[in-house]
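Colleague: query-v3.txt is reproduced in full below (compact mmCIF, C-alpha atoms).
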```txt
# COMPACT_ATOMS: atom_id res chain seq x y z
CA MET A 1 -1.11 -0.10 -29.30
CA ASN A 2 2.55 -0.44 -30.37
CA PRO A 3 4.72 0.50 -27.35
CA ASP A 4 7.02 2.63 -29.58
CA VAL A 5 4.06 4.62 -30.90
CA LEU A 6 2.80 5.04 -27.33
CA LYS A 7 6.23 6.27 -26.26
CA GLN A 8 6.26 8.80 -29.12
CA ILE A 9 2.80 10.08 -28.17
CA LYS A 10 3.88 10.47 -24.54
CA MET A 11 7.06 12.34 -25.55
CA ARG A 12 5.06 14.72 -27.73
CA SER A 13 2.53 15.23 -24.93
CA ASN A 14 5.38 16.13 -22.57
CA LYS A 15 6.69 18.73 -25.04
CA ILE A 16 3.22 20.18 -25.52
CA MET A 17 2.82 20.23 -21.72
CA THR A 18 6.01 22.29 -21.38
CA PHE A 19 4.70 24.69 -24.00
CA MET A 20 1.36 24.88 -22.18
CA ASN A 21 3.08 25.68 -18.89
CA LEU A 22 4.94 28.50 -20.65
CA ILE A 23 1.65 29.88 -22.01
CA ILE A 24 0.02 29.68 -18.58
CA GLY A 25 3.01 31.41 -16.99
CA GLY A 26 2.97 34.08 -19.70
CA THR A 27 -0.77 34.60 -19.23
CA ILE A 28 -0.36 35.10 -15.49
CA VAL A 29 2.44 37.62 -16.11
CA PHE A 30 0.20 39.35 -18.66
CA ILE A 31 -2.68 39.54 -16.15
CA VAL A 32 -0.43 41.03 -13.49
CA ALA A 33 0.96 43.55 -16.00
CA ALA A 34 -2.55 44.43 -17.18
CA ILE A 35 -3.75 44.99 -13.60
CA GLY A 36 -0.73 47.20 -12.97
CA LEU A 37 -1.45 49.17 -16.15
CA LEU A 38 -5.11 49.64 -15.21
CA ILE A 39 -4.26 50.82 -11.69
CA TRP A 40 -1.68 53.23 -13.12
CA ALA A 41 -4.12 54.42 -15.83
CA SER A 42 -6.77 55.23 -13.24
CA PHE A 43 -4.42 57.85 -11.73
CA VAL A 44 -3.36 59.33 -15.08
CA PRO A 45 -5.18 62.57 -16.06
CA GLN A 46 -7.81 62.48 -18.81
CA GLU A 47 -5.64 64.62 -21.10
CA SER A 48 -3.10 61.80 -21.50
CA PHE A 49 -5.70 59.60 -23.14
CA GLN A 50 -6.57 59.77 -26.82
CA ALA A 51 -9.33 58.26 -28.94
CA GLU A 52 -8.69 58.07 -32.70
CA LYS A 53 -11.42 56.94 -35.03
CA GLY A 54 -10.32 54.48 -37.67
CA VAL A 55 -12.17 52.79 -40.55
CA ALA A 56 -13.76 50.03 -38.50
CA HIS A 57 -12.33 50.57 -35.04
CA TRP A 58 -11.24 53.04 -32.39
CA LEU A 59 -7.63 53.37 -31.31
CA LEU A 60 -7.62 54.20 -27.60
CA SER A 61 -4.17 55.13 -26.36
CA VAL A 62 -2.50 56.46 -23.22
CA LYS A 63 0.86 58.19 -23.17
CA ILE A 64 3.29 56.47 -20.83
CA SER A 65 6.29 58.65 -21.65
CA ASP A 66 7.45 60.92 -24.48
CA HIS A 67 8.38 57.96 -26.64
CA LEU A 68 6.09 55.31 -25.26
CA SER A 69 2.35 54.81 -25.32
CA PHE A 70 -0.02 51.93 -24.81
CA SER A 71 -2.92 51.55 -27.17
CA SER A 72 -5.91 49.32 -27.58
CA ILE A 73 -8.02 48.66 -30.67
CA VAL A 74 -11.76 48.68 -30.02
CA PRO A 75 -14.02 47.68 -32.92
CA PHE A 76 -17.11 49.77 -33.75
CA SER A 77 -19.25 46.77 -32.83
CA ILE A 78 -18.17 47.33 -29.21
CA LEU A 79 -17.82 51.14 -29.10
CA GLN A 80 -20.00 52.94 -31.62
CA PRO A 81 -18.45 55.42 -34.09
CA LEU A 82 -19.55 58.52 -32.14
CA SER A 83 -17.81 61.87 -32.07
CA THR A 84 -14.95 62.01 -29.57
CA ASP A 85 -16.71 64.59 -27.39
CA ARG A 86 -19.54 62.12 -26.65
CA PHE A 87 -17.42 60.00 -24.34
CA GLN A 88 -14.28 60.10 -22.24
CA ALA A 89 -11.29 58.30 -23.74
CA LYS A 90 -9.95 57.42 -20.27
CA THR A 91 -13.22 55.77 -19.19
CA ALA A 92 -13.46 53.92 -22.49
CA PHE A 93 -9.86 52.71 -22.24
CA ILE A 94 -10.17 51.44 -18.67
CA THR A 95 -13.65 49.95 -19.17
CA PHE A 96 -12.63 48.10 -22.32
CA LEU A 97 -9.40 46.67 -20.92
CA LEU A 98 -10.88 45.73 -17.57
CA SER A 99 -13.97 44.12 -19.09
CA ARG A 100 -11.91 42.30 -21.69
CA MET A 101 -9.63 40.95 -19.01
CA LEU A 102 -12.46 39.90 -16.68
CA ILE A 103 -14.37 38.15 -19.47
CA PHE A 104 -11.63 36.62 -21.60
CA MET A 105 -8.94 35.62 -19.10
CA PRO A 106 -11.00 33.29 -16.87
CA VAL A 107 -12.34 31.48 -19.94
CA PHE A 108 -8.86 31.28 -21.47
CA LEU A 109 -7.26 29.98 -18.27
CA TYR A 110 -10.09 27.46 -17.77
CA GLY A 111 -9.59 26.24 -21.34
CA LEU A 112 -5.85 25.91 -20.79
CA LYS A 113 -6.45 23.96 -17.58
CA GLN A 114 -8.76 21.51 -19.35
CA ILE A 115 -6.25 20.99 -22.17
CA LYS A 116 -3.45 20.54 -19.65
CA ASN A 117 -5.45 17.92 -17.75
CA ILE A 118 -6.15 16.07 -21.00
CA LEU A 119 -2.44 16.04 -21.83
CA LEU A 120 -1.60 14.91 -18.29
CA SER A 121 -3.94 11.97 -18.69
CA ILE A 122 -2.05 10.95 -21.85
CA THR A 123 1.33 11.19 -20.13
CA ASP A 124 0.16 9.40 -16.98
CA THR A 125 -1.94 6.59 -18.42
CA HIS A 126 -1.64 4.42 -21.49
CA THR A 127 -4.63 5.97 -23.23
CA PRO A 128 -6.33 9.34 -23.73
CA PHE A 129 -9.72 7.63 -24.06
CA ALA A 130 -11.18 8.09 -20.61
CA VAL A 131 -14.58 9.35 -19.48
CA GLN A 132 -12.88 12.23 -17.65
CA ASN A 133 -11.34 13.48 -20.91
CA ALA A 134 -14.72 13.29 -22.63
CA THR A 135 -16.11 15.44 -19.81
CA ARG A 136 -13.21 17.89 -20.17
CA PHE A 137 -13.88 18.28 -23.89
CA ARG A 138 -17.56 18.81 -23.15
CA ASN A 139 -16.75 21.51 -20.55
CA LEU A 140 -14.33 23.10 -23.02
CA SER A 141 -17.08 23.21 -25.65
CA TYR A 142 -19.45 24.90 -23.14
CA ALA A 143 -16.78 27.50 -22.36
CA VAL A 144 -16.14 28.22 -26.05
CA ILE A 145 -19.85 28.38 -26.92
CA GLY A 146 -20.57 30.57 -23.89
CA TYR A 147 -17.77 32.97 -24.74
CA SER A 148 -18.75 33.08 -28.42
CA LEU A 149 -22.33 33.93 -27.54
CA LEU A 150 -21.80 36.26 -24.61
CA GLY A 151 -18.19 37.49 -24.53
CA ASN A 152 -18.37 40.47 -26.86
CA LEU A 153 -22.02 41.15 -25.97
CA ILE A 154 -21.07 41.66 -22.32
CA LEU A 155 -18.18 43.87 -23.44
CA ASN A 156 -20.63 45.86 -25.57
CA LEU A 157 -22.99 46.21 -22.58
CA SER A 158 -20.23 47.38 -20.23
CA ILE A 159 -19.25 50.07 -22.77
CA ILE A 160 -22.92 51.13 -23.00
CA ILE A 161 -23.31 51.31 -19.21
CA PHE A 162 -20.00 52.93 -18.26
CA VAL A 163 -18.92 54.93 -21.32
CA THR A 164 -21.53 56.00 -23.87
CA ASN A 165 -24.95 55.50 -22.15
CA ILE A 166 -26.32 54.91 -25.64
CA PHE A 167 -28.12 51.60 -26.02
CA SER A 168 -26.81 49.90 -29.15
CA ILE A 169 -26.38 46.12 -29.16
CA GLN A 170 -24.68 44.56 -32.17
CA LEU A 171 -25.60 40.97 -32.95
CA THR A 172 -22.42 40.71 -35.00
CA ASN A 173 -20.71 40.40 -31.61
CA ILE A 174 -21.79 36.77 -31.59
CA SER A 175 -18.90 34.80 -33.03
CA LEU A 176 -20.15 32.16 -35.47
CA THR A 177 -16.65 30.74 -35.84
CA GLY A 178 -16.46 30.28 -32.08
CA LEU A 179 -19.86 28.57 -32.07
CA MET A 180 -18.69 26.15 -34.76
CA ILE A 181 -15.51 25.38 -32.82
CA GLY A 182 -17.59 24.82 -29.70
CA LEU A 183 -19.89 22.41 -31.54
CA LEU A 184 -16.88 20.60 -32.97
CA LEU A 185 -15.49 20.19 -29.45
CA MET A 186 -18.86 18.78 -28.39
CA ILE A 187 -18.60 16.19 -31.17
CA VAL A 188 -15.03 15.38 -30.10
CA SER A 189 -16.36 14.88 -26.56
CA HIS A 190 -18.85 12.29 -27.82
CA ILE A 191 -16.09 10.58 -29.82
CA PHE A 192 -13.90 10.39 -26.71
CA ARG A 193 -16.81 9.03 -24.69
CA TYR A 194 -17.26 6.24 -27.22
CA GLY A 195 -13.50 5.77 -27.29
CA ALA A 196 -13.53 5.36 -23.50
CA TYR A 197 -16.16 2.63 -23.86
CA LEU A 198 -14.08 0.85 -26.51
CA GLN A 199 -10.95 1.24 -24.34
CA GLU A 200 -12.73 -0.39 -21.42
CA GLU A 201 -13.87 -3.25 -23.65
CA TYR A 202 -10.31 -3.66 -24.93
CA ASP A 203 -8.77 -3.49 -21.45
CA SER A 204 -11.09 -6.19 -20.17
CA THR A 205 -10.26 -8.48 -23.08
CA LEU A 206 -7.53 -11.01 -22.39
CA MET B 207 -21.95 -13.29 -16.34
CA ALA B 208 -23.26 -16.62 -17.65
CA ILE B 209 -19.82 -17.90 -18.73
CA ILE B 210 -17.79 -19.18 -15.78
CA ILE B 211 -14.01 -19.68 -15.99
CA ARG B 212 -12.89 -22.96 -14.43
CA LEU B 213 -9.19 -22.15 -14.59
CA ASP B 214 -8.59 -22.88 -10.91
CA ARG B 215 -10.11 -26.38 -11.37
CA VAL B 216 -7.89 -27.18 -14.34
CA LEU B 217 -4.82 -25.80 -12.56
CA ALA B 218 -5.58 -27.98 -9.54
CA ASP B 219 -5.98 -31.05 -11.81
CA ARG B 220 -2.63 -30.34 -13.46
CA LYS B 221 -1.10 -29.48 -10.07
CA MET B 222 0.13 -26.22 -11.50
CA LYS B 223 0.27 -22.78 -9.87
CA LEU B 224 -0.99 -19.61 -11.52
CA ASN B 225 2.51 -18.12 -11.51
CA ASP B 226 3.88 -21.14 -13.36
CA LEU B 227 1.14 -20.91 -15.98
CA ALA B 228 1.87 -17.19 -16.38
CA LYS B 229 5.57 -17.89 -16.89
CA ILE B 230 5.11 -20.72 -19.37
CA ALA B 231 2.23 -19.17 -21.33
CA GLY B 232 3.77 -15.70 -21.40
CA ILE B 233 0.68 -14.04 -19.92
CA SER B 234 0.99 -11.64 -17.01
CA ASN B 235 -0.01 -12.70 -13.50
CA VAL B 236 -2.44 -9.80 -13.31
CA ASN B 237 -4.28 -10.85 -16.46
CA LEU B 238 -4.48 -14.49 -15.40
CA SER B 239 -5.67 -13.47 -11.97
CA ASN B 240 -8.39 -11.32 -13.59
CA LEU B 241 -9.35 -14.28 -15.75
CA LYS B 242 -9.53 -16.58 -12.75
CA THR B 243 -11.67 -14.18 -10.75
CA GLY B 244 -14.03 -13.50 -13.65
CA LYS B 245 -13.09 -9.84 -14.15
CA VAL B 246 -12.35 -10.40 -17.82
CA LYS B 247 -15.16 -9.66 -20.29
CA ALA B 248 -13.67 -11.33 -23.33
CA ILE B 249 -10.79 -13.60 -24.30
CA ARG B 250 -9.01 -13.79 -27.63
CA PHE B 251 -8.76 -17.17 -29.35
CA SER B 252 -4.97 -16.78 -29.45
CA THR B 253 -4.88 -16.39 -25.65
CA LEU B 254 -7.25 -19.35 -25.18
CA GLU B 255 -5.03 -21.41 -27.49
CA VAL B 256 -1.91 -20.63 -25.43
CA ILE B 257 -3.64 -21.53 -22.15
CA CYS B 258 -5.07 -24.77 -23.58
CA LYS B 259 -1.69 -25.69 -25.06
CA THR B 260 0.06 -25.07 -21.73
CA LEU B 261 -2.51 -26.92 -19.64
CA GLU B 262 -3.10 -29.63 -22.28
CA CYS B 263 -6.83 -29.19 -22.08
CA GLN B 264 -9.84 -28.27 -24.21
CA PRO B 265 -11.58 -24.86 -24.20
CA GLY B 266 -14.62 -26.60 -22.80
CA ASP B 267 -12.59 -27.62 -19.75
CA LEU B 268 -11.94 -23.95 -19.01
CA LEU B 269 -15.30 -22.41 -19.93
CA GLU B 270 -18.66 -23.38 -18.50
CA TYR B 271 -22.03 -21.91 -19.37
CA ILE B 272 -24.54 -21.45 -16.55
CA PRO B 273 -27.79 -19.83 -17.71
CA GLU B 274 -28.75 -16.75 -15.73
CA GLU B 275 -32.09 -16.99 -13.95
```
What is this structure when it is put down as structure tokens?

Modeller:
Amino acid sequence: MNPDVLKQIKMRSNKIMTFMNLIIGGTIVFIVAAIGLLIWASFVPQESFQAEKGVAHWLLSVKISDHLSFSSIVPFSILQPLSTDRFQAKTAFITFLLSRMLIFMPVFLYGLKQIKNILLSITDTHTPFAVQNATRFRNLSYAVIGYSLLGNLILNLSIIIFVTNIFSIQLTNISLTGLMIGLLLMIVSHIFRYGAYLQEEYDSTL
Amino acid sequence: MAIIIRLDRVLADRKMKLNDLAKIAGISNVNLSNLKTGKVKAIRFSTLEVICKTLECQPGDLLEYIPEE
């Protein structure tokens, strides 16, 4: 590969790496803030919580002060469109946020870590085509497919168990877009695996 | 591999060191060392041409085929 092109790729990878580090830092701050909010919300009386039914979602909110409130949008596919006296807004709010955080954040951070490691391999070596990167893409695809299949279903289940006690599973909680992205990442993994083979052939050619 | 590189033999005949060949041919020491020790899987004709030109030899002097049993 042309050394100038390689240098450009490495410079771009460094910029993306800086951006990634900012996202990771922001995510960690968000997690800490969310944990703080949940702990605070658990001590707030039930009357401060509100559940408003929208067209296709609930708006669960908690009043922080006279002019400030924190709200969360919960689609009907997660929390059914029941009457507001059938469940407690506080329980729904805490269950939804906590479950969302416990399901989404580990997958998100794992995905970021894999992408960061792929970028590091580009900045450290002369090629991104390595078997380790193919494995990282494969693991990323598993994470995306797993989350697409199970993420919202588990959220749905936690709402059923802790909030409504009404069994109602929505298959629309399976994200087809996520499944397609996961499959695409699997294909990219195979491409990188073949690329690693070609790279090795090239590197051992004088 | 069935193809053996006889670079060390040709270098000895020409009384040349690997470093000197690397300098004159413009090939890195690492690559020539890999070639000499048989770690290389393939060689481009352009590289073979440069080595043959520097050592004033034929490709057949550098490459030997020994069938694998």

Colleague: Name the residues in contact with Asn240 of chain B at a cut-off of 12 Å, using all atoms listed in the file, excluding same-chain residues fewer than 5 positions from it; report them as an MDAnalysis selection string.

Modeller: (chainID A and resid 203:206) or (chainID B and resid 211 213:214 224 233:235 245:249)

Colleague: So what do you get for atom CA of Ile160 of chain A versus atom CA of Ile64 of chain A, distance-wise?

Modeller: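 Taking atom CA of Ile160 of chain A as the start and atom CA of Ile64 of chain A as the end point, the length is 26.8 Å.
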
Colleague: Please identify all polymer residues within 9 Å of Leu149 of chain A, counting all atoms listed in the file, omitting same-chain residues fewer than 5 positions from it, and present them as a ChimeraX atom specification.

Modeller: /A:144,173-176,178-179
